[in-house]
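Q: mmCIF, C-alpha atoms, file work_34.cif:
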```cif
data_model
#
loop_
_atom_site.group_PDB
_atom_site.id
_atom_site.type_symbol
_atom_site.label_atom_id
_atom_site.label_comp_id
_atom_site.auth_asym_id
_atom_site.auth_seq_id
_atom_site.Cartn_x
_atom_site.Cartn_y
_atom_site.Cartn_z
ATOM 1 C CA MET A 1 2.778 2.258 15.880
ATOM 2 C CA GLU A 2 -0.187 1.027 13.879
ATOM 3 C CA SER A 3 -3.124 3.229 12.915
ATOM 4 C CA ALA A 4 -6.703 2.601 11.911
ATOM 5 C CA ILE A 5 -6.981 0.475 8.791
ATOM 6 C CA GLN A 6 -9.573 1.277 6.134
ATOM 7 C CA THR A 7 -10.805 -1.894 4.402
ATOM 8 C CA THR A 8 -12.839 -2.141 1.204
ATOM 9 C CA VAL A 9 -14.008 -5.337 -0.489
ATOM 10 C CA THR A 10 -15.044 -5.440 -4.137
ATOM 11 C CA TYR A 11 -15.814 -8.214 -6.602
ATOM 12 C CA LYS A 12 -14.625 -8.371 -10.191
ATOM 13 C CA THR A 13 -15.029 -10.878 -12.993
ATOM 14 C CA GLU A 14 -11.820 -12.065 -14.665
ATOM 15 C CA ILE A 15 -10.980 -14.673 -17.291
ATOM 16 C CA VAL A 16 -8.697 -17.380 -15.879
ATOM 17 C CA SER A 17 -7.644 -20.282 -18.128
ATOM 18 C CA GLY A 18 -10.481 -19.438 -20.487
ATOM 19 C CA LYS A 19 -13.103 -19.475 -17.721
ATOM 20 C CA GLU A 20 -14.932 -16.503 -16.263
ATOM 21 C CA VAL A 21 -14.429 -16.400 -12.478
ATOM 22 C CA GLN A 22 -15.402 -13.975 -9.743
ATOM 23 C CA VAL A 23 -12.447 -12.508 -7.843
ATOM 24 C CA GLU A 24 -12.717 -10.969 -4.379
ATOM 25 C CA ILE A 25 -10.439 -7.915 -3.997
ATOM 26 C CA THR A 26 -9.755 -6.686 -0.472
ATOM 27 C CA LYS A 27 -7.842 -3.417 -0.073
ATOM 28 C CA GLN A 28 -6.505 -2.343 3.308
ATOM 29 C CA ILE A 29 -5.099 1.167 3.645
ATOM 30 C CA GLY A 30 -3.287 2.183 6.828
ATOM 31 C CA LEU A 31 -0.081 1.301 8.618
ATOM 32 C CA GLN A 32 0.139 -2.353 9.556
ATOM 33 C CA THR A 33 2.745 -5.031 10.060
ATOM 34 C CA LEU A 34 2.986 -8.038 7.726
ATOM 35 C CA MET A 35 5.241 -11.032 8.101
ATOM 36 C CA LEU A 36 7.353 -11.126 4.920
ATOM 37 C CA GLU A 37 10.037 -13.769 4.557
ATOM 38 C CA GLY A 38 9.727 -14.429 8.293
ATOM 39 C CA LYS A 39 10.339 -10.793 9.269
ATOM 40 C CA PRO A 40 7.828 -8.183 10.465
ATOM 41 C CA THR A 41 7.567 -5.435 7.836
ATOM 42 C CA LEU A 42 5.704 -2.125 8.153
ATOM 43 C CA VAL A 43 3.435 -1.458 5.145
ATOM 44 C CA GLU A 44 1.093 1.391 4.157
ATOM 45 C CA ALA A 45 -1.361 -0.604 2.037
ATOM 46 C CA VAL A 46 -2.154 -4.225 1.132
ATOM 47 C CA THR A 47 -4.321 -5.657 -1.642
ATOM 48 C CA TYR A 48 -5.469 -9.284 -1.572
ATOM 49 C CA LYS A 49 -6.995 -10.919 -4.660
ATOM 50 C CA LYS A 50 -8.800 -14.150 -3.796
ATOM 51 C CA TYR A 51 -9.486 -16.502 -6.685
ATOM 52 C CA PRO A 52 -11.782 -19.538 -6.524
ATOM 53 C CA GLY A 53 -10.012 -22.644 -5.244
ATOM 54 C CA LYS A 54 -7.847 -23.526 -2.279
ATOM 55 C CA ASN A 55 -5.114 -21.147 -1.134
ATOM 56 C CA ASN A 56 -5.238 -19.111 -4.322
ATOM 57 C CA ILE A 57 -4.635 -15.590 -2.974
ATOM 58 C CA GLN A 58 -2.341 -12.939 -4.459
ATOM 59 C CA LYS A 59 -0.938 -10.305 -2.121
ATOM 60 C CA ASN A 60 0.499 -6.925 -3.163
ATOM 61 C CA PHE A 61 1.720 -4.307 -0.707
ATOM 62 C CA THR A 62 3.257 -0.851 -0.427
ATOM 63 C CA PRO A 63 6.160 -0.695 2.042
ATOM 64 C CA ALA A 64 5.947 2.164 4.530
ATOM 65 C CA ALA A 65 8.622 4.824 4.399
ATOM 66 C CA PRO A 66 10.600 4.990 7.637
ATOM 67 C CA PRO A 67 9.543 7.920 9.833
ATOM 68 C CA LYS A 68 11.664 11.044 9.355
ATOM 69 C CA SER A 69 13.470 12.698 12.200
ATOM 70 C CA PRO A 70 12.520 16.295 13.079
ATOM 71 C CA GLU A 71 15.847 17.415 11.555
ATOM 72 C CA GLU A 72 15.084 15.655 8.244
ATOM 73 C CA THR A 73 11.604 17.184 8.161
ATOM 74 C CA ALA A 74 12.990 20.684 8.853
ATOM 75 C CA ALA A 75 15.669 20.286 6.151
ATOM 76 C CA GLN A 76 13.091 19.137 3.596
ATOM 77 C CA LEU A 77 10.806 22.057 4.452
ATOM 78 C CA ALA A 78 13.731 24.500 4.113
ATOM 79 C CA ARG A 79 14.571 23.069 0.638
ATOM 80 C CA LEU A 80 10.932 23.394 -0.447
ATOM 81 C CA ASN A 81 10.824 27.000 0.797
ATOM 82 C CA GLU A 82 14.008 27.791 -1.176
ATOM 83 C CA ILE A 83 12.545 26.282 -4.348
ATOM 84 C CA TYR A 84 9.294 28.158 -3.834
ATOM 85 C CA ALA A 85 11.074 31.475 -3.176
ATOM 86 C CA SER A 86 13.414 31.055 -6.179
ATOM 87 C CA SER A 87 10.487 30.430 -8.534
ATOM 88 C CA PHE A 88 9.279 34.000 -7.928
ATOM 89 C CA VAL A 89 12.661 35.700 -8.393
ATOM 90 C CA GLY A 90 13.252 37.617 -11.656
#
```
Please express the file's structure as structure tokens.
A:
Amino acid sequence: MESAIQTTVTYKTEIVSGKEVQVEITKQIGLQTLMLEGKPTLVEAVTYKKYPGKNNIQKNFTPAAPPKSPEETAAQLARLNEIYASSFVG
């Protein structure tokens, strides 16, 4: 259940150990599966920061929320409708 992934690449200058270096930042937005601790994990977004040198990449990610059942979605919508309706009462 993966969707299209939107990828953007930007470059930024950072100071590392007193030296100015160019960092490549790759952001991927969209559902995808990453292997984390040997297990496939569904994530919504990933950001990679690549620094000069061998194997010097930082990875940050946003875990995907598990899909809601139709019952959960209906219950959440009912709660929101109650809150909305009560905000207009007296």
Q: Tell me which protein, DNA and RNA residues are within 7 Å of stretch 1-16 of chain A, counting all atoms listed in the file, leaving out same-chain ones fewer than 3 positions away, and put them as an mmCIF file with C-alpha atoms, in the frame of the given file.
A:
```cif
data_model
loop_
_atom_site.group_PDB
_atom_site.id
_atom_site.type_symbol
_atom_site.label_atom_id
_atom_site.label_comp_id
_atom_site.auth_asym_id
_atom_site.auth_seq_id
_atom_site.Cartn_x
_atom_site.Cartn_y
_atom_site.Cartn_z
ATOM 1 C CA LYS A 19 -13.103 -19.475 -17.721
ATOM 2 C CA GLU A 20 -14.932 -16.503 -16.263
ATOM 3 C CA VAL A 21 -14.429 -16.400 -12.478
ATOM 4 C CA GLN A 22 -15.402 -13.975 -9.743
ATOM 5 C CA VAL A 23 -12.447 -12.508 -7.843
ATOM 6 C CA GLU A 24 -12.717 -10.969 -4.379
ATOM 7 C CA ILE A 25 -10.439 -7.915 -3.997
ATOM 8 C CA THR A 26 -9.755 -6.686 -0.472
ATOM 9 C CA LYS A 27 -7.842 -3.417 -0.073
ATOM 10 C CA GLN A 28 -6.505 -2.343 3.308
ATOM 11 C CA ILE A 29 -5.099 1.167 3.645
ATOM 12 C CA GLY A 30 -3.287 2.183 6.828
ATOM 13 C CA LEU A 31 -0.081 1.301 8.618
ATOM 14 C CA GLN A 32 0.139 -2.353 9.556
#
```
Q: What is the atom CA of A:Lys39 to atom CA of A:Asn60 distance in Å?
A: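 Computing it gives 16.3 Å between the two atoms.
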Q: Run the PyMOL selection byres ((chain A and resi 61-65) around 9) against the file shown and list the residues it catches, as a list of chain:residue names.
A: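 So the PyMOL selection byres ((chain A and resi 61-65) around 9) ends up selecting A:Leu31, A:Gln32, A:Thr41, A:Leu42, A:Val43, A:Glu44, A:Ala45, A:Val46, A:Thr47, A:Tyr48, A:Lys59, A:Asn60, A:Pro66, A:Pro67, A:Lys68.
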Q: Mind dumping the selected residues with C-alpha atoms as an mmCIF file, in the frame of the given file?
A:
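Output file part.cif is given in full below:
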```cif
data_model
loop_
_atom_site.group_PDB
_atom_site.id
_atom_site.type_symbol
_atom_site.label_atom_id
_atom_site.label_comp_id
_atom_site.auth_asym_id
_atom_site.auth_seq_id
_atom_site.Cartn_x
_atom_site.Cartn_y
_atom_site.Cartn_z
ATOM 1 C CA LEU A 31 -0.081 1.301 8.618
ATOM 2 C CA GLN A 32 0.139 -2.353 9.556
ATOM 3 C CA THR A 41 7.567 -5.435 7.836
ATOM 4 C CA LEU A 42 5.704 -2.125 8.153
ATOM 5 C CA VAL A 43 3.435 -1.458 5.145
ATOM 6 C CA GLU A 44 1.093 1.391 4.157
ATOM 7 C CA ALA A 45 -1.361 -0.604 2.037
ATOM 8 C CA VAL A 46 -2.154 -4.225 1.132
ATOM 9 C CA THR A 47 -4.321 -5.657 -1.642
ATOM 10 C CA TYR A 48 -5.469 -9.284 -1.572
ATOM 11 C CA LYS A 59 -0.938 -10.305 -2.121
ATOM 12 C CA ASN A 60 0.499 -6.925 -3.163
ATOM 13 C CA PRO A 66 10.600 4.990 7.637
ATOM 14 C CA PRO A 67 9.543 7.920 9.833
ATOM 15 C CA LYS A 68 11.664 11.044 9.355
#
```
Q: Can you measure atom CA of A:Gly38 to atom CA of A:Ser69 for me? One decimal in Å is fine.
A: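 Computing the Euclidean distance for atom CA of A:Gly38 and atom CA of A:Ser69 yields 27.7 Å.
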Q: For a test of reading the model, state the distance in Å between atom CA of A:Asn56 and atom CA of A:Ser17, rounded to one decimal.
A: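 Value for the atom CA of A:Asn56-atom CA of A:Ser17 distance: 14.1 Å.
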Q: Quick one: what's the axis-aligned box for stretch 57-69 of chain A, all listed atoms, 6 Å on every side, centre and edges in Å to one decimal, as AutoDock Vina command-line options?
A:
```
--center_x 4.4 --center_y -1.4 --center_z 3.9 --size_x 30.1 --size_y 40.3 --size_z 28.7
```
